[in-house]
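First up is the structure itself, then whatever we jot down about it.
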Amino acid sequence: MRRLLLFLLFLVAVPIHAAATPAEKLANDAAQHELDTSPEGGNIPSYSLKPADLAKAQHLDKVDTVLHFATSIWSLVYTIALLALGSVGWMQRTATSRFKNRWLQGATFLLLFLVITGLLDAPFGIYGHWLRLKYGLSVQGWGSWLGDQAKSAGIGWVIGTLLVMLLFWFIRKFPRRWWFGFWIVSIPITLAAIFVTPYVIDPLFNKFEPLQQSHPELVQRLEEVANRGHMNIPPDRMFLMKASAKVTTLNAYVTGFGASKRVVVWDTSIAKGTPDEILFIFGHESGHYVLHHIVRGILVSTVITFITLYLGYLFVQWAIRRFGIAWGIPSQDDWGALAVLLLAFSLFSFFLEPVTSTLSRQQEHAADVYGMEAIHGIVANPQETARGAFQVLGETSYDVPNPNQFLEFWTYGHPSIGRRAAFSTHYDPWAGGYAPKYFPKQ
């Protein structure tokens, strides 16, 4: 088991990805030079903000960094405190004394745990929303925001109850192998969740419509990009999300799995970006589609889940032996063991964050390369088009041009906007002696 665990850790820590082409390496080096020769937190040649906007970006960057690490550390602290002070034991006794039915016990314990931890987390979420309203990044009123929080909590409780009951069934039936059994069934559950999310979950929070319905002329141009890559992305898989009802920022993404897979473009992106920039954004998202990033993400997630469940099992065994009696959780099949397992997950996820962030950045970079190459010959200047897209994306989000590179490594799921803009400026695989990475016949 230890050898298998070490091998899986190696697979996650050393991701397999296509080697950079000469043109890509040259552009990466040029982008890094721009960042290295510019002041940290300041403007760079390929992406800059006005002084007032730069000040906002720098403030938001500091606040987001503090919130990011503070929330992670705070969740560890309060979970330990809830265990040590006997609060988790009280939740468990309340659930078991009131109900004999295990389903009602599990649902009650989870509800109490979610309510208490939700209240402990609430100040961070409230402050974050207030700050984004202040800077104009959000236009969502407090009533709507609280409604979304309530919906998220309700969905989490319902789905969480089902997963908790399944987990404790395995714990009771297979005391030493429950982690493996739960990992096995988590794979089809994850696939099903990814499949149904665009149909069931996403419409609860935002409105969607076929892009063809409101922007048929744009769909025609997007189909040029899709045809360039021989992609099976018909118009009925292109959707517009009415993001402007809640935010002023730009985005687009790929979601779903199999028949539910789709490309979603926010209406704010269409409103603020030029048609050529929208083509690049679509090309980027199509890159995720064509390069099988969702499938690869599922595979990586499966490996990480295997590792964290096994380590979580070991942690629960140790913690209950050492502290179980004091915490009022003498056995791993007590409901309170869930809090111990979640504590382990929080701890592991904190240290795995740079690994998962790196994997995500690599996929986003590959999609940037793909997007630029996909629009070559369709737009006049793919380099300036991509750089312009990142400029407007960064301006509307107040993204700092040159963030601390350690924080970028540890926390950023995308390369920084400045890095992406600089790469786009210098990436020219159509120059003499070079060749595109994904469209070698261009």
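By convention in this document, the chains of the structure tokens carry letters A, B, ... by their order, each chain's residues are numbered from 1, and ligands are numbered from 1 in the order they are shown.
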Tell me, as an MDAnalysis selection string, which residues lie within 7 Å of Ile320 of chain A, counting only C-alpha atoms; anything in the same chain fewer than 2 positions away does not count.
chainID A and resid 316:318 322:324 329:331
So that I can check the surroundings of Ser46 of chain A, please list as an NGL selection string every protein, DNA and RNA residue that reaches within 12 Å of it, counting only C-alpha atoms and ignoring chain neighbours fewer than 3 positions away.
:A and (30-35 or 38 or 42-43 or 49 or 383-384 or 386-391 or 394 or 401-402 or 417-426)
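Between atom CA of Ile73 of chain A and atom CA of Trp178 of chain A lies a distance of 28.1 Å.
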Need the shell around Tyr434 of chain A: protein/DNA/RNA residues with any atom at most 12 Å away, counting only C-alpha atoms. Skip same-chain ones fewer than 2 positions apart. Format as an NGL selection string?
:A and (21-27 or 427-432 or 436-437 or 439-442)
Find the nearest atom pair between each residue of segment 151-257 of chain A and segment 134-137 of chain A for residues within 10 Å, count only C-alpha atoms, give distances in Å to one decimal, sort rows by chain and ascending number, and present the table as a tab-separated table.
residue	atom	partner	partner_atom	distance
A:Lys246	CA	A:Leu137	CA	8.9
A:Val247	CA	A:Leu137	CA	5.8
A:Thr248	CA	A:Leu137	CA	5.3
A:Thr249	CA	A:Leu137	CA	6.2
A:Leu250	CA	A:Leu137	CA	10.0
Export, as a short mmCIF file (atom, residue, chain, number, x, y, z; two decimals), in the first residue's frame, the selected residues with N, CA, C and O atoms.
data_model
loop_
_atom_site.label_atom_id
_atom_site.label_comp_id
_atom_site.auth_asym_id
_atom_site.auth_seq_id
_atom_site.Cartn_x
_atom_site.Cartn_y
_atom_site.Cartn_z
N LYS A 246 -25.47 39.87 -11.66
CA LYS A 246 -24.79 39.74 -10.37
C LYS A 246 -23.39 40.34 -10.35
O LYS A 246 -22.94 40.79 -9.29
N VAL A 247 -22.68 40.30 -11.47
CA VAL A 247 -21.28 40.75 -11.46
C VAL A 247 -21.00 41.65 -12.66
O VAL A 247 -21.79 41.71 -13.62
N THR A 248 -19.86 42.32 -12.61
CA THR A 248 -19.41 43.14 -13.74
C THR A 248 -18.17 42.54 -14.39
O THR A 248 -17.68 43.08 -15.37
N THR A 249 -17.66 41.46 -13.83
CA THR A 249 -16.44 40.83 -14.34
C THR A 249 -16.74 39.94 -15.54
O THR A 249 -17.91 39.67 -15.85
N LEU A 250 -15.68 39.47 -16.20
CA LEU A 250 -15.80 38.67 -17.41
C LEU A 250 -15.38 37.23 -17.13
O LEU A 250 -14.54 36.98 -16.27
#
Step one, run DSSP on the backbone; step two, keep only residues of segment 324-355 of chain A assigned to helix (DSSP H, G or I); then write them as a PDB file with C-alpha atoms, in the first residue's frame.
ATOM      1  CA  GLY A 324     -11.439  10.106  21.116  1.00  0.00           C
ATOM      2  CA  ILE A 325     -12.497   9.715  24.743  1.00  0.00           C
ATOM      3  CA  ALA A 326     -11.803  13.383  25.561  1.00  0.00           C
ATOM      4  CA  TRP A 327     -13.698  14.497  22.467  1.00  0.00           C
ATOM      5  CA  ALA A 337     -15.733  11.033  13.378  1.00  0.00           C
ATOM      6  CA  LEU A 338     -16.942  12.978  10.348  1.00  0.00           C
ATOM      7  CA  ALA A 339     -15.526  16.166  11.870  1.00  0.00           C
ATOM      8  CA  VAL A 340     -12.195  14.409  12.440  1.00  0.00           C
ATOM      9  CA  LEU A 341     -12.125  13.271   8.799  1.00  0.00           C
ATOM     10  CA  LEU A 342     -13.006  16.770   7.562  1.00  0.00           C
ATOM     11  CA  LEU A 343     -10.190  18.159   9.712  1.00  0.00           C
ATOM     12  CA  ALA A 344      -7.811  15.778   7.964  1.00  0.00           C
ATOM     13  CA  PHE A 345      -9.124  16.813   4.545  1.00  0.00           C
ATOM     14  CA  SER A 346      -8.659  20.494   5.379  1.00  0.00           C
ATOM     15  CA  LEU A 347      -5.096  19.850   6.481  1.00  0.00           C
ATOM     16  CA  PHE A 348      -4.212  17.785   3.412  1.00  0.00           C
ATOM     17  CA  SER A 349      -5.859  20.195   0.965  1.00  0.00           C
ATOM     18  CA  PHE A 350      -3.823  23.081   2.345  1.00  0.00           C
ATOM     19  CA  PHE A 351      -0.545  21.332   1.579  1.00  0.00           C
ATOM     20  CA  LEU A 352      -1.782  19.885  -1.715  1.00  0.00           C
ATOM     21  CA  GLU A 353      -2.893  23.304  -2.939  1.00  0.00           C
ATOM     22  CA  PRO A 354       0.331  24.174  -4.797  1.00  0.00           C
ATOM     23  CA  VAL A 355       0.157  20.819  -6.596  1.00  0.00           C
TER      24      VAL A 355
END
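A straight line drawn from atom CA of Ile294 of chain A to atom CA of Gly258 of chain A is 10.2 Å long.
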Kindly assemble as CSV a list of the segment 227-345 of chain A residues that lie within 8 Å of segment 360-366 of chain A, each paired with its nearest atom pair and their distance in Å to one decimal, using only C-alpha atoms, sorted first by chain and then by ascending residue number.
residue,atom,partner,partner_atom,distance
A:Gly287,CA,A:Ala366,CA,7.5
A:His288,CA,A:Gln363,CA,7.5
A:His293,CA,A:Gln363,CA,6.8
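In the backbone-derived DSSP annotation, strand (DSSP E) within segment 104-353 of chain A comprises Phe208, Glu209, Pro210, Met238, Phe239, Leu240, Met241, Ala252, Tyr253, Val254, Thr255, Arg262, Val263, Val264, Val265 and Trp266 of chain A.
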For N, CA and C atoms, I'd like the residues from the last selection saved as a CSV table (one decimal), in the first residue's frame.
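Wrote part16.csv, looks like this:
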chain,number,residue,atom,x,y,z
A,208,PHE,N,-29.5,30.9,-18.1
A,208,PHE,CA,-28.8,30.5,-19.3
A,208,PHE,C,-29.7,30.5,-20.5
A,209,GLU,N,-29.1,30.7,-21.7
A,209,GLU,CA,-29.9,30.6,-22.9
A,209,GLU,C,-29.0,30.2,-24.0
A,210,PRO,N,-29.5,29.6,-25.1
A,210,PRO,CA,-28.6,29.3,-26.2
A,210,PRO,C,-28.0,30.5,-26.8
A,238,MET,N,-23.4,25.8,-27.1
A,238,MET,CA,-22.9,27.1,-26.8
A,238,MET,C,-24.0,27.9,-26.1
A,239,PHE,N,-23.6,28.3,-24.9
A,239,PHE,CA,-24.6,29.0,-24.0
A,239,PHE,C,-24.2,30.3,-23.6
A,240,LEU,N,-25.1,31.2,-23.4
A,240,LEU,CA,-24.9,32.5,-22.8
A,240,LEU,C,-25.4,32.5,-21.4
A,241,MET,N,-24.6,33.0,-20.4
A,241,MET,CA,-25.0,33.1,-19.0
A,241,MET,C,-25.2,34.6,-18.7
A,252,ALA,N,-15.7,32.9,-19.0
A,252,ALA,CA,-16.2,31.9,-19.9
A,252,ALA,C,-15.7,30.6,-19.3
A,253,TYR,N,-16.4,29.5,-19.6
A,253,TYR,CA,-15.9,28.2,-19.0
A,253,TYR,C,-16.5,27.0,-19.8
A,254,VAL,N,-15.9,25.9,-19.6
A,254,VAL,CA,-16.4,24.6,-20.1
A,254,VAL,C,-16.9,23.8,-18.9
A,255,THR,N,-18.0,23.2,-19.0
A,255,THR,CA,-18.6,22.4,-17.9
A,255,THR,C,-19.3,21.2,-18.5
A,262,ARG,N,-20.5,21.5,-22.4
A,262,ARG,CA,-20.9,22.7,-23.1
A,262,ARG,C,-19.9,23.8,-22.8
A,263,VAL,N,-19.9,24.8,-23.7
A,263,VAL,CA,-19.1,26.0,-23.5
A,263,VAL,C,-20.1,27.1,-23.1
A,264,VAL,N,-19.8,27.8,-22.0
A,264,VAL,CA,-20.6,28.9,-21.5
A,264,VAL,C,-19.8,30.2,-21.6
A,265,VAL,N,-20.4,31.2,-22.2
A,265,VAL,CA,-19.8,32.6,-22.2
A,265,VAL,C,-20.7,33.5,-21.4
A,266,TRP,N,-20.1,34.3,-20.5
A,266,TRP,CA,-20.9,35.3,-19.8
A,266,TRP,C,-21.3,36.5,-20.7
